[in-house]
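First comes the structure, then the notes that go with it.
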Protein chains: 4
Amino acid sequence: VKPPLQWGGRFTAPPDPALLAFASSLAEDLVLAPFDLRCSKAHVLALQGGDIVKAKEAQALHDALDRVAAEIGDGSFQTFAQSSGAEDVHGAIDARVRALAGETGEILHAGRSRNDQVATTLLLYCADRAVRGGRLCSEIARRLLDQAEIELERKTLLAATTHWQPAQPVLLAFWLAGAAEPFARAATRFDRSRSDAMSTCPLGSSALAGSSLPLDREGAARWLGFAGLSRNAMDAIGNRDAALDLAHACVRAVAAASRVSEELVIWCTPAFGYAHLGDAAATGSSLMPQKRNPDPLELVRAGASDLNGRFAGALGTTIGIGLSYHRDLQVTKGAVITIVERALETLEAFARALAYVEFDAARMNASADESYTVATDVADTMIKSGVTAREAHRRVGEQILAAERDGASLDWPTAAESVVGKATAGSTNPSAVAAAIAALRERLSL
Amino acid sequence: VKPPLQWGGRFTAPPDPALLAFASSLAEDLVLAPFDLRCSKAHVLALQGGDIVKAKEAQALHDALDRVAAEIGDGSFQTFAQSSGAEDVHGAIDARVRALAGETGEILHAGRSRNDQVATTLLLYCADRAVRGGRLCSEIARRLLDQAEIELERKTLLAATTHWQPAQPVLLAFWLAGAAEPFARAATRFDRSRSDAMSTCPLGSSALAGSSLPLDREGAARWLGFAGLSRNAMDAIGNRDAALDLAHACVRAVAAASRVSEELVIWCTPAFGYAHLGDAAATGSSLMPQKRNPDPLELVRAGASDLNGRFAGALGTTIGIGLSYHRDLQVTKGAVITIVERALETLEAFARALAYVEFDAARMNASADESYTVATDVADTMIKSGVTAREAHRRVGEQILAAERDGASLDWPTAAESVVGKATAGSTNPSAVAAAIAALRERLSL
Amino acid sequence: VKPPLQWGGRFTAPPDPALLAFASSLAEDLVLAPFDLRCSKAHVLALQGGDIVKAKEAQALHDALDRVAAEIGDGSFQTFAQSSGAEDVHGAIDARVRALAGETGEILHAGRSRNDQVATTLLLYCADRAVRGGRLCSEIARRLLDQAEIELERKTLLAATTHWQPAQPVLLAFWLAGAAEPFARAATRFDRSRSDAMSTCPLGSSALAGSSLPLDREGAARWLGFAGLSRNAMDAIGNRDAALDLAHACVRAVAAASRVSEELVIWCTPAFGYAHLGDAAATGSSLMPQKRNPDPLELVRAGASDLNGRFAGALGTTIGIGLSYHRDLQVTKGAVITIVERALETLEAFARALAYVEFDAARMNASADESYTVATDVADTMIKSGVTAREAHRRVGEQILAAERDGASLDWPTAAESVVGKATAGSTNPSAVAAAIAALRERLSL
Amino acid sequence: VKPPLQWGGRFTAPPDPALLAFASSLAEDLVLAPFDLRCSKAHVLALQGGDIVKAKEAQALHDALDRVAAEIGDGSFQTFAQSSGAEDVHGAIDARVRALAGETGEILHAGRSRNDQVATTLLLYCADRAVRGGRLCSEIARRLLDQAEIELERKTLLAATTHWQPAQPVLLAFWLAGAAEPFARAATRFDRSRSDAMSTCPLGSSALAGSSLPLDREGAARWLGFAGLSRNAMDAIGNRDAALDLAHACVRAVAAASRVSEELVIWCTPAFGYAHLGDAAATGSSLMPQKRNPDPLELVRAGASDLNGRFAGALGTTIGIGLSYHRDLQVTKGAVITIVERALETLEAFARALAYVEFDAARMNASADESYTVATDVADTMIKSGVTAREAHRRVGEQILAAERDGASLDWPTAAESVVGKATAGSTNPSAVAAAIAALRERLSL
């Protein structure tokens with residue numbers, strides 16, 4: 001296969017095939033194909049708006065691009081691309097357009113560099129994935145709130161821990177509503193990411209200096225849905241900020257899921273017995289017949305660590321390079337795409353796995369009254385009666401020490417009493433929990 | 001020294017001093033002292049608002065806290081803290097308040113856990129640093145724009161590169177204005193970071209369940225300047241999202257500076273000779289008498305890589321831990337503080353170093369006409385006359401190949417002509433550059 | 001497709017297909033297929049040695065495994081695996097063996113868990129790749145030394161830089177031989193990695209406790225080429241140290257290549273003009289006809305940053321998990337494989353790209369005498385005559401300052417004289433360079 | 001304070017104090033002081049061996065350096081250094097030597113650059129710390145083996161988990177011996193690190209080209225304990241491989257500790273109740289009087305994540321810079337020192353915390369017989385009688401399913417029987433555990 005390169009007039013030797021293969025990004029960027037098509041159609045508008053192509057040529061280009069879109073839909077473009085020897089998806093689309101539109105196809109790249117084409121395409125992709133990420137996070141938050149409402153109704157108690165040591169009794173609903181909060185913040189990160197990606201359109205920046213052809217940048221940007229135009233062509237083609245911001249948003253969302261996952265993994269142990277992951281989500285062992293492992297949750301947890309490192313890698317590729325385009329940015333692009341795709345898969349799997357989690361209310365309720373979880377309430381009662389905080393703390397600590405030593409039991413409030421006794425907004429008091437659920441729902445609906 | 005621990009009633013053995021020293025975060029968190037004071041004063045308001053302390057006690061606490069503030073100002077608190085054996089700055093302040101206010105000091109911690117205290121204090125710190133970071137980035141952007149205006153006036157040309165190979169002629173002003181753009185985005189990240197940090201106040205969340213004392217959370221939050229109250233106490237004390245968002249904003253700002261730095265380091269080589277770093281900013285060699293090295297720029301570049309990794313470390317400490325407080329979060333806190341402080345120092349140094357950069361307009365202007373930088377303009381002219389983009393590219397490439405082979409020179413436009421010939425918004429055309437500078441200035445002033 | 005799960009007797013619901021797909025590692029671990037086959041054949045030996053399978057059954061299993069090997073060779077196994085719905089390559093091979101060997105195939109997994117199977121297979125893979133990595137690094141080093149010998153013969157000079165500022169004249173051969181050194185260290189890391197991977201065989205560790213079947217671990221390990229047996233089954237199945245050590249070795253080797261690449265990228269600029277990357281390795285621009293960009297070197301540079309982050313991700317997946325097997329380790333495995341494969345591709349491309357680098361001796365020689373590079377030699381001469389080092393440094397610095405101010409030239413030694421005047425082992429003196437080349441060659445041949 | 005710079009003759013403006021402060025590495029590298037002294041003394045030998053200084057001058061320099069050593073011992077040098085305005089510890093020592101030795105002190109830097117000085121000093125530091133790291137890891141391994149022997153005697157059982165789900169019964173001794181294994185590997189990494197650091201001495205490499213002074217490199221290297229001389233001066237001063245290898249060894253050792261820590265954190269929960277961290281190592285809460293938290297273990301866990309990221313940062317500073325010295329390497333140096341110091345502190349704290357862990361044998365023994373942990377043994381018995389592995393797995397799974405459904409109990413072997421029934425080397429069978437302990441002890445004593 002002779003690779004369909006978009007350059008070569010100055011070259012006296014053909015490219016080394018091994019180096020060309022090494023430099024290809026098709027494996028990662030094929031997912032950009034639909035976004036390149038939109039970008040290419042917008043460029044046709046820009047060419048037409050600048051009178052650089054005539055209506056008839058423009059139509060031929062649009063037709064060819066529509067045809068490629070159809071081929072993407074039926075998978076035939078992907079097959080073509082992989083066997084084309086193209087350097088990337090953009091080259092493959094260019095080659096396909098030329099095959100479909102003949103000499104007219106050779107006009108498409110007028111006034112356009114792969115630099116502004118890649119930058120624009122990547123932003124369109126980012127905006128699309130940011131919307132998906134935001135929706136997924138909102139959905140996860142809502143599912144947790146749905147479950148919280150059920151458990152609020154049931155008044156299920158829980159010995160909440162800090163440092164994994166029993167801390168205070170709370171409602172399971174409180175835990176669930178708390179678990180939902182980070183996903184609201186994660187959704188905000190995605191929303192900003194989308195809006196940043198669509199803020200300024202790089203198309204028409206050409207290689208880095210703008211173009212001497214009178215491209216209708218404004219029209220193209222409007223058609224694509226951007227809020228405005230990039231102000232500086234060099235910055236427009238050399239910066240990957242929106243892509244990195246999205247990758248960061250992705251990593252953070254999965255990091256949030258990793259914390260819930262870890263807690264559920266431990267809750268699913270027989271020792272805790274608080275939760276159970278349904279058979280459809282659990283995995284067995286090839287050797288140990290009794291096993292039922294919470295694999296999806298473990299994969300979410302590990303996925304966060306992996307993505308965290310990959311993000312450092314992606315950002316690292318942009319550090320210490322000059323301001324304009326360097327081929328390093330192809331690695332950035334591939335890394336971002338890999339992060340984003342895996343993160344969205346992970347969030348989807350997490351949302352799905354959550355649906356299989358069943359809580360054991362009896363075990364949880366029983367635990368809530370163990371391990372002196374109401375000690376703080378006892379101390380607070382002393383404080384209300386005028387003892388200093390420090391002194392109350394000391395006295396209660398000594399009561400526990402003595403009780404442990406003597407095997408005595410303490411006549412202390414129940415976990416249920418502790419929970420209803422909480423007096424502050426944001427606390428585990430049932431009405432505070434109900435209010436918090438309502439408030440978070442409202443925020444999610446914005 | 002007997003360490004001023006804020007717990008111990010249940011304990012039968014004193015802490016192992018080596019483990020206590022290992023666990024101390026004073027070295028990193030002393031910088032939080034003024035923010036803890038504000039947090040503590042707000043907590044006094046919350047206690048007073050809930051009628052848990054009387055006006056007289058509240059006044060005594062305020063007085064003690066003011067006294068500590070003064071001691072922070074004169075440095076004596078820091079000396080005290082470091083020799084106190086306290087686990088962290090919060091414990092040191094608590095100890096100092098008790099020393100100053102006697103038994104009244106023992107009230108201060110009523111209804112408060114170190115969990116909500118740390119969470120709140122850290123947010124106040126983050127908001128403060130986010131403001132500084134945003135200002136620094138705006139300042140850097142403005143300095144670059146100031147310089148861009150000077151160079152626009154001078155019409156200094158530059159052979160802009162991609163892949164470090166000469167690409168097209170641009171105005172140095174265009175490069176400078178382009179270099180300013182990422183700092184505007186960096187400033188936006190800081191702005192959001194500030195607003196996120198101040199969105200919901202965790203104070204009054206107590207350990208993780210809220211408090212049974214009727215704390216006036218609303219009053220405290222208002223006094224501190226928060227927009228609202230945290231909705232869920234467990235999330236409030238266990239999440240470090242705002243701190244990590246700020247750390248991320250910091251890393252990204254320094255990453256932006258690293259790209260400018262790399263370019264200037266190379267421009268300062270005699271081979272390029274485009275720029276010169278003044279003696280006050282350059283560094284010599286202990287061995288080679290002729291040396292004048294661009295060390296501050298190299299340190300900025302390396303700082304970005306270092307901070308990138310540290311951020312992965314900071315985020316990593318929060319992955320796979322349960323939802324509430326775990327001591328791991330102390331490491332997160334230390335890492336974030338270290339990142340933020342170093343990033344701000346780096347941005348300050350970068351801003352300062354920029355002021356010592358002198359450009360060699362003669363060298364730059366000369367370079368702009370070398371290396372066939374106007375080839376794209378030549379091809380564009382063909383395109384305007386109806387040749388397809390691909391064909392024009394081929395022809396111009398072959399012209400260069402022939403010229404190189406024959407040692408002939410090509411009758412092509414000058415770099416200056418190329419620049420004024422650019423026709424698109426965002427291009428290096430002088431009027432486009434002027435417009436872009438004005439537009440970015442406006443954005444920075446928002 | 002009903003997925004060929006290796007478990008299920010205790011399960012009442014079939015797995016959620018979306019979660020099963022999420023959990024699959026086939027995309028990454030298919031490359032392990034030949035190593036699993038060797039591992040499986042060794043397990044047959046262990047079963048036979050323990051009299052758990054008879055000779056006839058063992059032969060049937062070996063035949064089936066050989067058949068799978070053939071199918072891997074012709075690619076049909078890969079097609080089967082991808083459509084099988086198997087969780088990983090191990091499950092796919094198990095399914096294929098059962099399809100080929102019928103009920104006998106069901107014996108294969110006796111006394112074996114996927115835990116010890118994965119651990120062993122991964123070590124075999126690591127050992128194989130470590131050998132390749134070591135060879136590649138040695139080859140790169142030798143190529144640089146070959147080139148060094150050519151340039152030593154030519155006596156090509158170079159103004160070596162520190163901080164990218166001219167420092168001292170050296171031989172290009174000295175630079176090339178210096179560039180080779182890190183690859184010798186990288187090769188050592190690979191060698192250790194291979195030897196560590198093959199030090200103790202985990203096969204027969206079963207799930208984590210060993211087996212109650214009398215497996216012939218010794219025989220299996222010997223057949224596979226391991227030096228010994230793992231001492232503790234739990235550690236054997238839960239540790240990924242050898243894999244992470246290999247991944248680390250990979251990242252470091254590419255990091256070494258990134259430094260050479262950066263230097264060559266800059267040397268290829270017209271401003272420096274020291275080097276030229278042949279047309280077969282350079283890449284053009286789709287817009288700018290004159291461009292010839294050093295893309296492979298940029299991709300190596302960025303690859304190092306990307307792999308650095310990915311390694312942090314891989315290691316991160318193992319931090320804070322318990323000692324035995326957790327599904328997190330599947331992510332570790334996938335990450336390590338991805339790192340290793342990409343690193344080897346990158347080193348191969350780097351080796352290949354080096355062959356296309358041509359040096360411009362005239363430009364280099366000319367540069368060597370510019371920029372006061374012999375200042376240190378002048379100072380050294382003063383020192384030899386009794387001036388203190390500090391004073392000599394001061395005087396020479398002032399000479400330069402005066403010469404620059406007055407535009408005067410200094411009657412100083414030439415670069416060529418400087419180079420031959422070096423008196424220490426390891427210096428750029430031609431005979432020292434020759435000795436260093438010989439010494440490094442010897443080390444590489446060990 | 002006028003900073004004691006080691007350069008300046010060519011400079012017309014004094015350094016900007018803010019930039020000088022930014023560039024200072026004293027805060028991190030003061031710990032190198034004793035190693036710089038050894039390096040400096042070796043350089044005096046090299047000068048003397050090359051007849052560049054006379055015996056009397058050499059003696060004066062040695063005396064001054066000994067004096068500085070004494071001042072380091074009593075802390076007065078550190079005070080001097082911090083107020084000196086020196087750029088780094090090397091400059092501070094140079095300044096102090098000149099203050100002590102007068103003009104003779106000005107000879108010390110003859111033929112030496114800070115480049116080879118820093119490279120050599122850092123290697124000496126690395127070798128020292130590698131020895132400490134290796135000893136700590138061996139000590140941790142031995143402590144775990146000591147405990148393993150005690151528990152082997154006691155025959156304490158444990159329901160070992162994979163995926164945190166009960167897997168098979170093992171001896172606690174088996175778990176402890178397994179936990180020791182990674183520290184043996186970690187010790188090997190440190191040993192190699194030490195030997196690599198001391199393999200080739202960079203001293204006498206001067207700035208990057210070697211020296212024209214006839215320095216006795218051989219004598220200096222021998223005196224310092226290096227095995228040989230660096231072969232190439234440029235590589236010698238520009239590579240940080242040994243430092244990064246040590247940092248990597250450090251991170252991996254702490255990562256090993258993080259896994260043990262996580263497991264113990266969970267075992268310390270009342271739900272598991274397997275372990276208890278003594279009061280001297282546990283930490284209380286400032287609010288909740290009953291709390292006893294396993295903070296040191298959490299800090300070890302988080303420390304691993306933090307150090308993992310920092311290592312990526314350290315390595316990142318070396319990626320994409322040229323081959324010789326760049327100021328970026330100062331950041332590398334600071335990062336490595338910070339990693340190494342914190343890692344050693346962490347390993348020390350971990351070793352110390354381990355000593356406070358008490359196991360609850362009764363709880364562990366009871367757990368071992370729960371949750372169908374012997375299911376694999378039951379299946380293995382079937383396999384021995386001729387049932388295929390797959391079929392046995394299926395049948396046992398169904399037995400459990402039925403038993404769970406019917407609430408019936410299964411007449412299965414006990415955990416104790418399971419353990420002694422294990423037949424393979426490396427298994428949890430008591431004699432296999434005893435053999436493994438002995439074998440690991442032997443390895444540790446090498």
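As shown in the structure tokens, the chain order sets the letters A, B, ...; within each chain, residues go from 1, and ligands are also counted from 1 in the order they appear.
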
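With only C-alpha atoms taken into account, the protein and nucleic acid residues at most 9 Å from Lys333 (chain C) (excluding it and anything under 3 positions from it in its own chain) are Ser25, Glu28, Asp29, Leu122, Arg240, Ala243, Ala314, Asp328, Leu329, Gln330, Val336, Ile337 and Thr338 of chain C.
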
Take the residues from that selection and put them in a file with C-alpha atoms, as a short mmCIF file (atom, residue, chain, number, x, y, z; two decimals), in the first residue's frame.
```cif
data_model
loop_
_atom_site.label_atom_id
_atom_site.label_comp_id
_atom_site.auth_asym_id
_atom_site.auth_seq_id
_atom_site.Cartn_x
_atom_site.Cartn_y
_atom_site.Cartn_z
CA SER C 25 -8.79 -7.68 29.47
CA GLU C 28 -4.49 -5.99 26.24
CA ASP C 29 -3.55 -9.51 27.15
CA LEU C 122 3.25 -12.65 32.93
CA ARG C 240 3.76 -7.76 40.36
CA ALA C 243 6.43 -6.73 35.81
CA ALA C 314 0.59 1.06 36.80
CA ASP C 328 -6.94 -4.28 40.46
CA LEU C 329 -3.97 -6.35 39.37
CA GLN C 330 -5.64 -6.92 36.04
CA VAL C 336 2.44 -2.97 32.10
CA ILE C 337 1.82 -4.69 28.77
CA THR C 338 0.87 -1.40 27.14
#
```

Show me which bits of chain C are within 6 Å of chain D, counting only C-alpha atoms, as an MDAnalysis selection string.
-> chainID C and resid 9:10 106:107 109:110 162:163 178 209:212 214 231:233 235 255 258:259 262:263 301 319:326 388:390 394 397:398 401 421:424 426:428 436

Met364 (chain D) surroundings by only C-alpha atoms, 9 Å radius, close-in-sequence under 6 positions cut, as an mmCIF file with N, CA and C atoms, in the first residue's frame:
```
data_model
loop_
_atom_site.group_PDB
_atom_site.id
_atom_site.type_symbol
_atom_site.label_atom_id
_atom_site.label_comp_id
_atom_site.auth_asym_id
_atom_site.auth_seq_id
_atom_site.Cartn_x
_atom_site.Cartn_y
_atom_site.Cartn_z
ATOM 1 N N THR D 156 -1.862 -20.339 64.500
ATOM 2 C CA THR D 156 -2.986 -19.430 64.267
ATOM 3 C C THR D 156 -3.448 -19.539 62.813
ATOM 4 N N LEU D 157 -4.733 -19.696 62.659
ATOM 5 C CA LEU D 157 -5.313 -19.812 61.322
ATOM 6 C C LEU D 157 -5.908 -18.484 60.873
ATOM 7 N N LEU D 158 -6.199 -18.389 59.613
ATOM 8 C CA LEU D 158 -6.715 -17.146 59.042
ATOM 9 C C LEU D 158 -7.502 -17.495 57.784
ATOM 10 N N ALA D 159 -8.644 -16.863 57.619
ATOM 11 C CA ALA D 159 -9.362 -17.023 56.355
ATOM 12 C C ALA D 159 -8.745 -16.054 55.356
ATOM 13 N N LEU D 172 -1.600 -17.884 59.826
ATOM 14 C CA LEU D 172 -1.190 -16.478 59.925
ATOM 15 C C LEU D 172 0.317 -16.379 59.637
ATOM 16 N N PHE D 272 -13.716 -6.877 61.487
ATOM 17 C CA PHE D 272 -12.754 -7.963 61.334
ATOM 18 C C PHE D 272 -12.205 -8.371 62.703
ATOM 19 N N GLY D 273 -11.659 -7.401 63.400
ATOM 20 C CA GLY D 273 -11.151 -7.686 64.729
ATOM 21 C C GLY D 273 -9.955 -8.620 64.757
ATOM 22 N N TYR D 274 -9.254 -8.735 63.650
ATOM 23 C CA TYR D 274 -8.090 -9.629 63.603
ATOM 24 C C TYR D 274 -6.883 -9.016 64.297
ATOM 25 N N ALA D 275 -6.829 -7.697 64.268
ATOM 26 C CA ALA D 275 -5.617 -7.062 64.772
ATOM 27 C C ALA D 275 -5.986 -5.811 65.556
#
```

Enumerate as a PyMOL selection string all residues of region 342-429 of chain D assigned to helix (DSSP H, G or I) by DSSP on the backbone, naming them with the chain letters and numbers the document uses.
-> chain D and resi 342-354+361-368+375-384+389-406+415-421

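The space between CA of Thr269 (chain D) and CA of Leu176 (chain D) spans 18.9 Å.
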
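Here CA of Ala130 (chain A) is placed at a distance of 19.6 Å from CA of Arg222 (chain A).
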
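Taking CA of Leu299 (chain A) as the reference point, CA of Val331 (chain C) is found at 7.1 Å.
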